[in-house]
$ cat entry-v4.cif   # mmCIF, N, CA and C atoms
data_query
#
loop_
_atom_site.label_atom_id
_atom_site.label_comp_id
_atom_site.auth_asym_id
_atom_site.auth_seq_id
_atom_site.Cartn_x
_atom_site.Cartn_y
_atom_site.Cartn_z
N MET A 1350 23.15 -2.75 -7.70
CA MET A 1350 22.48 -2.96 -6.42
C MET A 1350 23.38 -2.55 -5.25
N GLU A 1351 24.71 -2.53 -5.46
CA GLU A 1351 25.64 -2.26 -4.37
C GLU A 1351 25.39 -0.91 -3.72
N ARG A 1352 24.92 0.07 -4.48
CA ARG A 1352 24.72 1.39 -3.88
C ARG A 1352 23.61 1.38 -2.83
N LEU A 1353 22.78 0.31 -2.81
CA LEU A 1353 21.72 0.19 -1.81
C LEU A 1353 22.22 -0.39 -0.50
N ASP A 1354 23.49 -0.78 -0.43
CA ASP A 1354 24.06 -1.35 0.81
C ASP A 1354 23.85 -0.44 2.01
N VAL A 1355 23.80 0.87 1.80
CA VAL A 1355 23.61 1.80 2.92
C VAL A 1355 22.27 1.57 3.62
N LEU A 1356 21.31 0.97 2.93
CA LEU A 1356 20.00 0.70 3.54
C LEU A 1356 19.98 -0.57 4.39
N VAL A 1357 20.90 -1.49 4.13
CA VAL A 1357 20.87 -2.80 4.79
C VAL A 1357 21.09 -2.65 6.29
N GLY A 1358 20.20 -3.31 7.05
CA GLY A 1358 20.27 -3.28 8.50
C GLY A 1358 18.91 -3.03 9.11
N GLU A 1359 18.92 -2.76 10.41
CA GLU A 1359 17.69 -2.53 11.15
C GLU A 1359 17.55 -1.05 11.47
N TRP A 1360 16.34 -0.54 11.29
CA TRP A 1360 16.05 0.88 11.48
C TRP A 1360 14.84 1.07 12.39
N GLU A 1361 14.87 2.12 13.19
CA GLU A 1361 13.68 2.58 13.90
C GLU A 1361 13.10 3.69 13.03
N VAL A 1362 11.79 3.62 12.81
CA VAL A 1362 11.15 4.58 11.90
C VAL A 1362 10.10 5.37 12.66
N GLU A 1363 10.25 6.68 12.63
CA GLU A 1363 9.28 7.58 13.24
C GLU A 1363 8.46 8.19 12.12
N ALA A 1364 7.15 8.10 12.23
CA ALA A 1364 6.26 8.65 11.22
C ALA A 1364 5.46 9.79 11.82
N ASP A 1365 5.28 10.83 11.07
CA ASP A 1365 4.50 11.99 11.49
C ASP A 1365 3.21 12.00 10.68
N PHE A 1366 2.24 11.19 11.14
CA PHE A 1366 0.94 11.12 10.47
C PHE A 1366 0.04 12.22 11.03
N PRO A 1367 -0.53 13.07 10.19
CA PRO A 1367 -1.42 14.13 10.69
C PRO A 1367 -2.59 13.53 11.47
N GLY A 1368 -2.76 14.01 12.71
CA GLY A 1368 -3.88 13.59 13.54
C GLY A 1368 -3.75 12.20 14.14
N LEU A 1369 -2.58 11.56 14.06
CA LEU A 1369 -2.42 10.21 14.59
C LEU A 1369 -1.08 10.09 15.31
N ALA A 1370 -1.15 9.74 16.58
CA ALA A 1370 0.08 9.51 17.35
C ALA A 1370 0.53 8.07 17.09
N ALA A 1371 1.61 7.93 16.36
CA ALA A 1371 2.08 6.59 16.00
C ALA A 1371 3.39 6.28 16.72
N PRO A 1372 3.46 5.11 17.37
CA PRO A 1372 4.72 4.72 17.99
C PRO A 1372 5.75 4.39 16.92
N ALA A 1373 7.00 4.34 17.32
CA ALA A 1373 8.06 4.03 16.37
C ALA A 1373 7.86 2.65 15.75
N ALA A 1374 8.19 2.55 14.49
CA ALA A 1374 8.11 1.29 13.77
C ALA A 1374 9.50 0.68 13.68
N ARG A 1375 9.56 -0.56 13.29
CA ARG A 1375 10.83 -1.26 13.05
C ARG A 1375 10.86 -1.65 11.58
N SER A 1376 11.95 -1.30 10.91
CA SER A 1376 12.10 -1.64 9.50
C SER A 1376 13.46 -2.31 9.30
N VAL A 1377 13.45 -3.43 8.60
CA VAL A 1377 14.68 -4.19 8.34
C VAL A 1377 14.85 -4.34 6.84
N PHE A 1378 16.04 -3.99 6.36
CA PHE A 1378 16.42 -4.19 4.96
C PHE A 1378 17.44 -5.31 4.92
N GLU A 1379 17.24 -6.26 4.00
CA GLU A 1379 18.22 -7.35 3.86
C GLU A 1379 18.22 -7.86 2.43
N TRP A 1380 19.39 -8.36 2.03
CA TRP A 1380 19.54 -8.97 0.71
C TRP A 1380 18.93 -10.36 0.72
N THR A 1381 18.39 -10.77 -0.42
CA THR A 1381 17.85 -12.12 -0.54
C THR A 1381 18.16 -12.65 -1.94
N LEU A 1382 18.05 -13.97 -2.09
CA LEU A 1382 18.28 -14.65 -3.36
C LEU A 1382 19.62 -14.24 -3.99
N ASP A 1383 20.68 -14.53 -3.24
CA ASP A 1383 22.05 -14.27 -3.68
C ASP A 1383 22.30 -12.80 -4.01
N GLY A 1384 21.65 -11.90 -3.27
CA GLY A 1384 21.89 -10.47 -3.47
C GLY A 1384 21.21 -9.88 -4.68
N ARG A 1385 20.30 -10.61 -5.28
CA ARG A 1385 19.59 -10.11 -6.48
C ARG A 1385 18.47 -9.14 -6.13
N PHE A 1386 17.96 -9.23 -4.89
CA PHE A 1386 16.83 -8.40 -4.46
C PHE A 1386 17.10 -7.87 -3.06
N LEU A 1387 16.58 -6.68 -2.79
CA LEU A 1387 16.62 -6.09 -1.46
C LEU A 1387 15.21 -6.12 -0.91
N VAL A 1388 15.04 -6.72 0.27
CA VAL A 1388 13.74 -6.84 0.91
C VAL A 1388 13.68 -5.89 2.09
N GLN A 1389 12.57 -5.16 2.21
CA GLN A 1389 12.32 -4.30 3.36
C GLN A 1389 11.05 -4.78 4.04
N ARG A 1390 11.15 -5.06 5.34
CA ARG A 1390 9.99 -5.46 6.13
C ARG A 1390 9.79 -4.41 7.22
N THR A 1391 8.57 -3.88 7.32
CA THR A 1391 8.28 -2.84 8.30
C THR A 1391 7.09 -3.27 9.15
N GLN A 1392 7.29 -3.17 10.46
CA GLN A 1392 6.23 -3.48 11.42
C GLN A 1392 6.03 -2.27 12.32
N ILE A 1393 4.75 -1.92 12.51
CA ILE A 1393 4.42 -0.78 13.36
C ILE A 1393 3.31 -1.20 14.33
N PRO A 1394 3.51 -0.94 15.61
CA PRO A 1394 2.50 -1.33 16.61
C PRO A 1394 1.34 -0.34 16.67
N GLN A 1395 0.69 -0.13 15.55
CA GLN A 1395 -0.43 0.80 15.44
C GLN A 1395 -1.42 0.19 14.45
N THR A 1396 -2.62 -0.15 14.93
CA THR A 1396 -3.57 -0.85 14.07
C THR A 1396 -4.04 -0.02 12.87
N ALA A 1397 -3.97 1.31 12.97
CA ALA A 1397 -4.43 2.16 11.87
C ALA A 1397 -3.40 2.26 10.74
N VAL A 1398 -2.20 1.74 10.98
CA VAL A 1398 -1.13 1.82 9.98
C VAL A 1398 -0.70 0.39 9.63
N PRO A 1399 -0.66 0.04 8.34
CA PRO A 1399 -0.37 -1.35 7.97
C PRO A 1399 1.12 -1.72 8.08
N ASP A 1400 1.38 -2.97 8.44
CA ASP A 1400 2.71 -3.54 8.29
C ASP A 1400 2.93 -3.72 6.79
N SER A 1401 4.20 -3.73 6.38
CA SER A 1401 4.45 -3.84 4.94
C SER A 1401 5.72 -4.60 4.63
N MET A 1402 5.81 -5.00 3.37
CA MET A 1402 7.02 -5.61 2.84
C MET A 1402 7.21 -5.04 1.44
N ALA A 1403 8.46 -4.74 1.11
CA ALA A 1403 8.77 -4.23 -0.22
C ALA A 1403 9.98 -4.99 -0.75
N ILE A 1404 9.97 -5.25 -2.03
CA ILE A 1404 11.08 -5.95 -2.68
C ILE A 1404 11.60 -5.06 -3.80
N VAL A 1405 12.90 -4.77 -3.76
CA VAL A 1405 13.52 -3.92 -4.77
C VAL A 1405 14.29 -4.79 -5.74
N ALA A 1406 14.05 -4.57 -7.02
CA ALA A 1406 14.74 -5.29 -8.09
C ALA A 1406 15.39 -4.25 -9.00
N VAL A 1407 16.41 -4.69 -9.72
CA VAL A 1407 17.07 -3.80 -10.68
C VAL A 1407 16.97 -4.42 -12.07
N ASP A 1408 16.73 -3.58 -13.07
CA ASP A 1408 16.71 -4.04 -14.45
C ASP A 1408 18.16 -4.10 -14.91
N PRO A 1409 18.67 -5.31 -15.23
CA PRO A 1409 20.09 -5.42 -15.59
C PRO A 1409 20.45 -4.67 -16.87
N GLU A 1410 19.48 -4.40 -17.73
CA GLU A 1410 19.73 -3.68 -18.98
C GLU A 1410 19.90 -2.18 -18.75
N THR A 1411 19.03 -1.61 -17.90
CA THR A 1411 19.00 -0.15 -17.74
C THR A 1411 19.57 0.32 -16.40
N GLY A 1412 19.62 -0.58 -15.41
CA GLY A 1412 20.05 -0.17 -14.07
C GLY A 1412 18.94 0.49 -13.27
N ALA A 1413 17.72 0.55 -13.82
CA ALA A 1413 16.59 1.18 -13.13
C ALA A 1413 16.06 0.24 -12.04
N TYR A 1414 15.69 0.84 -10.93
CA TYR A 1414 15.12 0.08 -9.82
C TYR A 1414 13.60 0.08 -9.89
N THR A 1415 12.99 -1.00 -9.41
CA THR A 1415 11.55 -1.09 -9.22
C THR A 1415 11.31 -1.61 -7.82
N GLN A 1416 10.41 -0.95 -7.09
CA GLN A 1416 10.03 -1.42 -5.76
C GLN A 1416 8.62 -2.01 -5.85
N HIS A 1417 8.49 -3.26 -5.43
CA HIS A 1417 7.19 -3.94 -5.36
C HIS A 1417 6.75 -3.89 -3.90
N TYR A 1418 5.62 -3.26 -3.62
CA TYR A 1418 5.14 -3.00 -2.27
C TYR A 1418 3.91 -3.85 -1.96
N PHE A 1419 3.87 -4.41 -0.75
CA PHE A 1419 2.75 -5.21 -0.27
C PHE A 1419 2.47 -4.81 1.17
N ASP A 1420 1.18 -4.75 1.58
CA ASP A 1420 0.93 -4.47 3.00
C ASP A 1420 -0.20 -5.31 3.56
N SER A 1421 -0.36 -5.20 4.89
CA SER A 1421 -1.31 -6.05 5.61
C SER A 1421 -2.77 -5.74 5.29
N ARG A 1422 -3.04 -4.70 4.53
CA ARG A 1422 -4.41 -4.43 4.06
C ARG A 1422 -4.71 -5.20 2.79
N GLY A 1423 -3.65 -5.79 2.20
CA GLY A 1423 -3.80 -6.45 0.91
C GLY A 1423 -3.47 -5.53 -0.26
N VAL A 1424 -2.94 -4.35 0.03
CA VAL A 1424 -2.57 -3.40 -1.02
C VAL A 1424 -1.27 -3.87 -1.69
N VAL A 1425 -1.25 -3.79 -3.01
CA VAL A 1425 -0.07 -4.13 -3.80
C VAL A 1425 0.17 -2.97 -4.76
N ARG A 1426 1.40 -2.43 -4.74
CA ARG A 1426 1.73 -1.31 -5.61
C ARG A 1426 3.13 -1.49 -6.19
N VAL A 1427 3.38 -0.83 -7.30
CA VAL A 1427 4.70 -0.85 -7.93
C VAL A 1427 5.18 0.59 -8.06
N TYR A 1428 6.40 0.83 -7.59
CA TYR A 1428 7.00 2.16 -7.65
C TYR A 1428 8.26 2.14 -8.50
N ALA A 1429 8.44 3.16 -9.31
CA ALA A 1429 9.74 3.40 -9.95
C ALA A 1429 10.62 3.97 -8.84
N MET A 1430 11.87 3.51 -8.77
CA MET A 1430 12.75 3.93 -7.69
C MET A 1430 14.09 4.38 -8.23
N THR A 1431 14.63 5.42 -7.60
CA THR A 1431 16.00 5.84 -7.87
C THR A 1431 16.72 5.97 -6.54
N PHE A 1432 18.03 5.80 -6.58
CA PHE A 1432 18.86 5.98 -5.38
C PHE A 1432 20.21 6.47 -5.86
N ALA A 1433 20.45 7.76 -5.69
CA ALA A 1433 21.71 8.35 -6.18
C ALA A 1433 22.08 9.54 -5.31
N ASP A 1434 23.37 9.68 -5.05
CA ASP A 1434 23.89 10.82 -4.29
C ASP A 1434 23.17 11.00 -2.95
N GLY A 1435 22.83 9.88 -2.30
CA GLY A 1435 22.20 9.93 -0.99
C GLY A 1435 20.73 10.29 -1.00
N VAL A 1436 20.12 10.33 -2.18
CA VAL A 1436 18.70 10.64 -2.29
C VAL A 1436 17.95 9.41 -2.79
N TRP A 1437 16.95 9.00 -2.02
CA TRP A 1437 16.12 7.83 -2.31
C TRP A 1437 14.76 8.35 -2.76
N ARG A 1438 14.35 7.96 -3.97
CA ARG A 1438 13.06 8.42 -4.50
C ARG A 1438 12.22 7.23 -4.95
N LEU A 1439 10.93 7.33 -4.66
CA LEU A 1439 9.93 6.37 -5.13
C LEU A 1439 8.83 7.17 -5.82
N LEU A 1440 8.29 6.62 -6.91
CA LEU A 1440 7.26 7.33 -7.66
C LEU A 1440 6.26 6.34 -8.22
N ARG A 1441 5.00 6.63 -8.01
CA ARG A 1441 3.90 5.83 -8.58
C ARG A 1441 2.93 6.77 -9.27
N GLU A 1442 2.89 6.68 -10.61
CA GLU A 1442 2.02 7.56 -11.40
C GLU A 1442 1.10 6.82 -12.35
N THR A 1443 1.19 5.49 -12.37
CA THR A 1443 0.33 4.72 -13.27
C THR A 1443 -0.32 3.58 -12.50
N PRO A 1444 -1.51 3.14 -12.90
CA PRO A 1444 -2.15 2.01 -12.23
C PRO A 1444 -1.29 0.74 -12.40
N ASP A 1445 -1.38 -0.13 -11.43
CA ASP A 1445 -0.64 -1.39 -11.51
C ASP A 1445 -1.54 -2.50 -10.98
N PHE A 1446 -1.22 -3.07 -9.82
CA PHE A 1446 -2.05 -4.12 -9.25
C PHE A 1446 -3.24 -3.57 -8.48
N SER A 1447 -3.25 -2.27 -8.28
CA SER A 1447 -4.39 -1.61 -7.65
C SER A 1447 -4.68 -0.33 -8.43
N PRO A 1448 -5.91 0.15 -8.38
CA PRO A 1448 -6.27 1.36 -9.14
C PRO A 1448 -5.43 2.55 -8.69
N LEU A 1449 -5.30 3.51 -9.55
CA LEU A 1449 -4.55 4.72 -9.23
C LEU A 1449 -5.52 5.83 -8.85
N ALA A 1450 -5.94 5.84 -7.58
CA ALA A 1450 -6.83 6.88 -7.09
C ALA A 1450 -6.07 8.17 -6.84
N PHE A 1451 -4.75 8.07 -6.66
CA PHE A 1451 -3.88 9.22 -6.45
C PHE A 1451 -2.45 8.83 -6.79
N ARG A 1452 -1.67 9.82 -7.21
CA ARG A 1452 -0.26 9.58 -7.47
C ARG A 1452 0.50 9.74 -6.15
N GLN A 1453 1.63 9.04 -6.03
CA GLN A 1453 2.43 9.10 -4.81
C GLN A 1453 3.90 9.27 -5.14
N ARG A 1454 4.61 9.95 -4.24
CA ARG A 1454 6.06 9.99 -4.35
C ARG A 1454 6.66 10.12 -2.96
N PHE A 1455 7.85 9.55 -2.83
CA PHE A 1455 8.63 9.63 -1.59
C PHE A 1455 10.00 10.14 -1.96
N THR A 1456 10.50 11.06 -1.16
CA THR A 1456 11.87 11.54 -1.31
C THR A 1456 12.52 11.48 0.06
N GLY A 1457 13.62 10.73 0.16
CA GLY A 1457 14.36 10.61 1.41
C GLY A 1457 15.82 10.98 1.20
N GLN A 1458 16.38 11.68 2.17
CA GLN A 1458 17.78 12.10 2.12
C GLN A 1458 18.56 11.33 3.18
N VAL A 1459 19.58 10.59 2.75
CA VAL A 1459 20.43 9.85 3.67
C VAL A 1459 21.40 10.84 4.30
N GLY A 1460 21.51 10.79 5.65
CA GLY A 1460 22.44 11.67 6.36
C GLY A 1460 23.88 11.35 6.00
N ASP A 1461 24.77 12.29 6.25
CA ASP A 1461 26.18 12.14 5.92
C ASP A 1461 26.81 10.90 6.56
N ASP A 1462 26.35 10.53 7.76
CA ASP A 1462 26.92 9.36 8.44
C ASP A 1462 26.27 8.05 8.02
N GLY A 1463 25.23 8.11 7.18
CA GLY A 1463 24.54 6.91 6.71
C GLY A 1463 23.63 6.27 7.73
N ASN A 1464 23.41 6.93 8.87
CA ASN A 1464 22.60 6.34 9.94
C ASN A 1464 21.24 6.99 10.13
N THR A 1465 20.91 7.95 9.28
CA THR A 1465 19.62 8.63 9.35
C THR A 1465 19.12 8.87 7.93
N ILE A 1466 17.83 8.69 7.73
CA ILE A 1466 17.18 9.04 6.47
C ILE A 1466 15.95 9.86 6.83
N ARG A 1467 15.88 11.07 6.31
CA ARG A 1467 14.70 11.91 6.54
C ARG A 1467 13.95 12.02 5.21
N GLY A 1468 12.67 11.70 5.28
CA GLY A 1468 11.91 11.71 4.04
C GLY A 1468 10.48 12.15 4.21
N VAL A 1469 9.83 12.33 3.07
CA VAL A 1469 8.43 12.73 3.07
C VAL A 1469 7.71 12.01 1.93
N TRP A 1470 6.51 11.53 2.25
CA TRP A 1470 5.59 10.99 1.24
C TRP A 1470 4.66 12.12 0.84
N GLU A 1471 4.44 12.24 -0.47
CA GLU A 1471 3.52 13.24 -1.00
C GLU A 1471 2.52 12.56 -1.92
N MET A 1472 1.40 13.24 -2.13
CA MET A 1472 0.39 12.69 -3.02
C MET A 1472 -0.22 13.79 -3.86
N SER A 1473 -0.76 13.38 -5.00
CA SER A 1473 -1.47 14.28 -5.91
C SER A 1473 -2.72 13.54 -6.35
N SER A 1474 -3.88 14.06 -5.95
CA SER A 1474 -5.11 13.34 -6.23
C SER A 1474 -5.82 13.80 -7.50
N ASP A 1475 -5.40 14.92 -8.06
CA ASP A 1475 -6.12 15.40 -9.24
C ASP A 1475 -5.33 15.25 -10.53
N GLY A 1476 -4.18 14.61 -10.50
CA GLY A 1476 -3.40 14.39 -11.71
C GLY A 1476 -2.60 15.59 -12.17
N SER A 1477 -2.65 16.67 -11.40
CA SER A 1477 -1.89 17.87 -11.77
C SER A 1477 -0.47 17.77 -11.22
N ALA A 1478 0.26 18.83 -11.42
CA ALA A 1478 1.64 18.87 -10.91
C ALA A 1478 1.68 19.29 -9.45
N VAL A 1479 0.52 19.50 -8.83
CA VAL A 1479 0.47 19.93 -7.44
C VAL A 1479 0.59 18.71 -6.53
N TRP A 1480 1.61 18.73 -5.68
CA TRP A 1480 1.84 17.65 -4.71
C TRP A 1480 1.58 18.19 -3.31
N GLU A 1481 0.91 17.37 -2.48
CA GLU A 1481 0.63 17.73 -1.09
C GLU A 1481 1.32 16.75 -0.17
N LYS A 1482 1.85 17.26 0.94
CA LYS A 1482 2.52 16.39 1.90
C LYS A 1482 1.49 15.44 2.52
N ASP A 1483 1.80 14.15 2.49
CA ASP A 1483 0.97 13.14 3.15
C ASP A 1483 1.50 12.93 4.57
N PHE A 1484 2.76 12.51 4.69
CA PHE A 1484 3.37 12.36 6.02
C PHE A 1484 4.89 12.29 5.88
N GLU A 1485 5.57 12.55 7.00
CA GLU A 1485 7.02 12.51 7.05
C GLU A 1485 7.48 11.23 7.72
N LEU A 1486 8.66 10.76 7.32
CA LEU A 1486 9.29 9.58 7.94
C LEU A 1486 10.74 9.92 8.28
N THR A 1487 11.19 9.44 9.43
CA THR A 1487 12.60 9.52 9.79
C THR A 1487 13.08 8.13 10.16
N TYR A 1488 14.07 7.64 9.43
CA TYR A 1488 14.69 6.34 9.71
C TYR A 1488 15.96 6.61 10.51
N ARG A 1489 16.14 5.88 11.64
CA ARG A 1489 17.37 5.94 12.42
C ARG A 1489 17.90 4.52 12.57
N ARG A 1490 19.15 4.34 12.14
CA ARG A 1490 19.75 3.00 12.21
C ARG A 1490 19.79 2.53 13.66
N SER A 1491 19.33 1.30 13.89
CA SER A 1491 19.32 0.75 15.24
C SER A 1491 20.09 -0.55 15.35
N GLY A 1492 20.57 -1.06 14.25
CA GLY A 1492 21.31 -2.31 14.32
C GLY A 1492 22.06 -2.59 13.06
#
$ encode --input "entry-v4.cif" --output "structure tokens"
Amino acid sequence: MERLDVLVGEWEVEADFPGLAAPAARSVFEWTLDGRFLVQRTQIPQTAVPDSMAIVAVDPETGAYTQHYFDSRGVVRVYAMTFADGVWRLLRETPDFSPLAFRQRFTGQVGDDGNTIRGVWEMSSDGSAVWEKDFELTYRRSG
């Protein structure tokens, strides 16, 4: 879990949603339950975009991360997660607590100074290997 320390803190998040002008969001990452889990809480002052909370856990046997995602719409999803060499990846390809109407993946690159993460969410709705950009995110450390 220690390699996730670079995420801990407060971030301003800019999202590039096609056709929607969204103000900057606030996202906070913090350790909880004696450092066993990393919690991310994101609030955005835009009614068309949900506030969310995600909890990252690690499998002590394999070292694999899982992100449990919840949002203000009532959506619950589970993502396989990796974080290595400054690259943060999330992947959802199987149904979990909600139906799998489309596959999703996020890839974010942590800047050399650790204060910026540039990423993109992609989706695939037909189950093929073709991924389409959904929206871009830029995290800038603010605290």
$ resolve_selection --input "entry-v4.cif" --expression "the PyMOL selection byres ((chain A and resi 1435-1451) around 8)" --output "ChimeraX atom specification"
/A:1416,1424-1434,1452-1460,1471-1476
$ resolve_selection --input "entry-v4.cif" --expression "the PyMOL selection byres (((chain A and resi 1350-1367 and name CA) around 8) and name CA)" --output "count of residues only"
28
$ axis_aligned_box --input "entry-v4.cif" --around "region 1456-1469 of chain A" --padding-each-side "4 Å" --output "lines of an AutoDock Vina configuration file"
center_x = 17.3
center_y = 9.5
center_z = 4.4
size_x = 27.2
size_y = 14.5
size_z = 19.4
$ atom_distance --input "entry-v4.cif" --atom1 "atom N of Asp1461 (chain A)" --atom2 "CA of Tyr1414 (chain A)"
22.4 Å
$ atom_distance --input "entry-v4.cif" --atom1 "CA of Gly1423 (chain A)" --atom2 "CA of Pro1394 (chain A)"
17.7 Å
$ atom_distance --input "entry-v4.cif" --atom1 "atom N of Arg1390 (chain A)" --atom2 "atom N of Ile1404 (chain A)"
7.5 Å
$ closest_residue --input "entry-v4.cif" --among "A:Thr1381, A:Glu1481, A:Phe1419, A:Val1469" --to "Asp1400 (chain A)" --atoms "all atoms listed in the file"
A:Phe1419
$ select_by_dssp --input "entry-v4.cif" --residues "chain A" --states "strand (DSSP E)" --output "PyMOL selection string"
chain A and resi 1358-1365+1374-1381+1386-1392+1401-1407+1414-1420+1425-1433+1436-1441+1452-1459+1465-1473+1481-1490
$ build_atoms --input "entry-v4.cif" --residues "region 1397-1408 of chain A" --atoms "N, CA, C and O atoms" --output "JSON list (two decimals), in the frame of the given file"
[["chain", "number", "residue", "atom", "x", "y", "z"],
["A", 1397, "ALA", "N", -3.97, 1.31, 12.97],
["A", 1397, "ALA", "CA", -4.43, 2.16, 11.87],
["A", 1397, "ALA", "C", -3.40, 2.26, 10.74],
["A", 1397, "ALA", "O", -3.71, 2.79, 9.68],
["A", 1398, "VAL", "N", -2.20, 1.74, 10.98],
["A", 1398, "VAL", "CA", -1.13, 1.82, 9.98],
["A", 1398, "VAL", "C", -0.70, 0.39, 9.63],
["A", 1398, "VAL", "O", -0.40, -0.40, 10.53],
["A", 1399, "PRO", "N", -0.66, 0.04, 8.34],
["A", 1399, "PRO", "CA", -0.37, -1.35, 7.97],
["A", 1399, "PRO", "C", 1.12, -1.72, 8.08],
["A", 1399, "PRO", "O", 1.99, -0.88, 7.85],
["A", 1400, "ASP", "N", 1.38, -2.97, 8.44],
["A", 1400, "ASP", "CA", 2.71, -3.54, 8.29],
["A", 1400, "ASP", "C", 2.93, -3.72, 6.79],
["A", 1400, "ASP", "O", 1.98, -3.86, 6.02],
["A", 1401, "SER", "N", 4.20, -3.73, 6.38],
["A", 1401, "SER", "CA", 4.45, -3.84, 4.94],
["A", 1401, "SER", "C", 5.72, -4.60, 4.63],
["A", 1401, "SER", "O", 6.58, -4.80, 5.50],
["A", 1402, "MET", "N", 5.81, -5.00, 3.37],
["A", 1402, "MET", "CA", 7.02, -5.61, 2.84],
["A", 1402, "MET", "C", 7.21, -5.04, 1.44],
["A", 1402, "MET", "O", 6.25, -4.86, 0.69],
["A", 1403, "ALA", "N", 8.46, -4.74, 1.11],
["A", 1403, "ALA", "CA", 8.77, -4.23, -0.22],
["A", 1403, "ALA", "C", 9.98, -4.99, -0.75],
["A", 1403, "ALA", "O", 10.88, -5.34, 0.02],
["A", 1404, "ILE", "N", 9.97, -5.25, -2.03],
["A", 1404, "ILE", "CA", 11.08, -5.95, -2.68],
["A", 1404, "ILE", "C", 11.60, -5.06, -3.80],
["A", 1404, "ILE", "O", 10.83, -4.63, -4.67],
["A", 1405, "VAL", "N", 12.90, -4.77, -3.76],
["A", 1405, "VAL", "CA", 13.52, -3.92, -4.77],
["A", 1405, "VAL", "C", 14.29, -4.79, -5.74],
["A", 1405, "VAL", "O", 15.07, -5.66, -5.34],
["A", 1406, "ALA", "N", 14.05, -4.57, -7.02],
["A", 1406, "ALA", "CA", 14.74, -5.29, -8.09],
["A", 1406, "ALA", "C", 15.39, -4.25, -9.00],
["A", 1406, "ALA", "O", 14.97, -3.09, -9.05],
["A", 1407, "VAL", "N", 16.41, -4.69, -9.72],
["A", 1407, "VAL", "CA", 17.07, -3.80, -10.68],
["A", 1407, "VAL", "C", 16.97, -4.42, -12.07],
["A", 1407, "VAL", "O", 17.07, -5.63, -12.23],
["A", 1408, "ASP", "N", 16.73, -3.58, -13.07],
["A", 1408, "ASP", "CA", 16.71, -4.04, -14.45],
["A", 1408, "ASP", "C", 18.16, -4.10, -14.91],
["A", 1408, "ASP", "O", 18.84, -3.06, -14.97]]
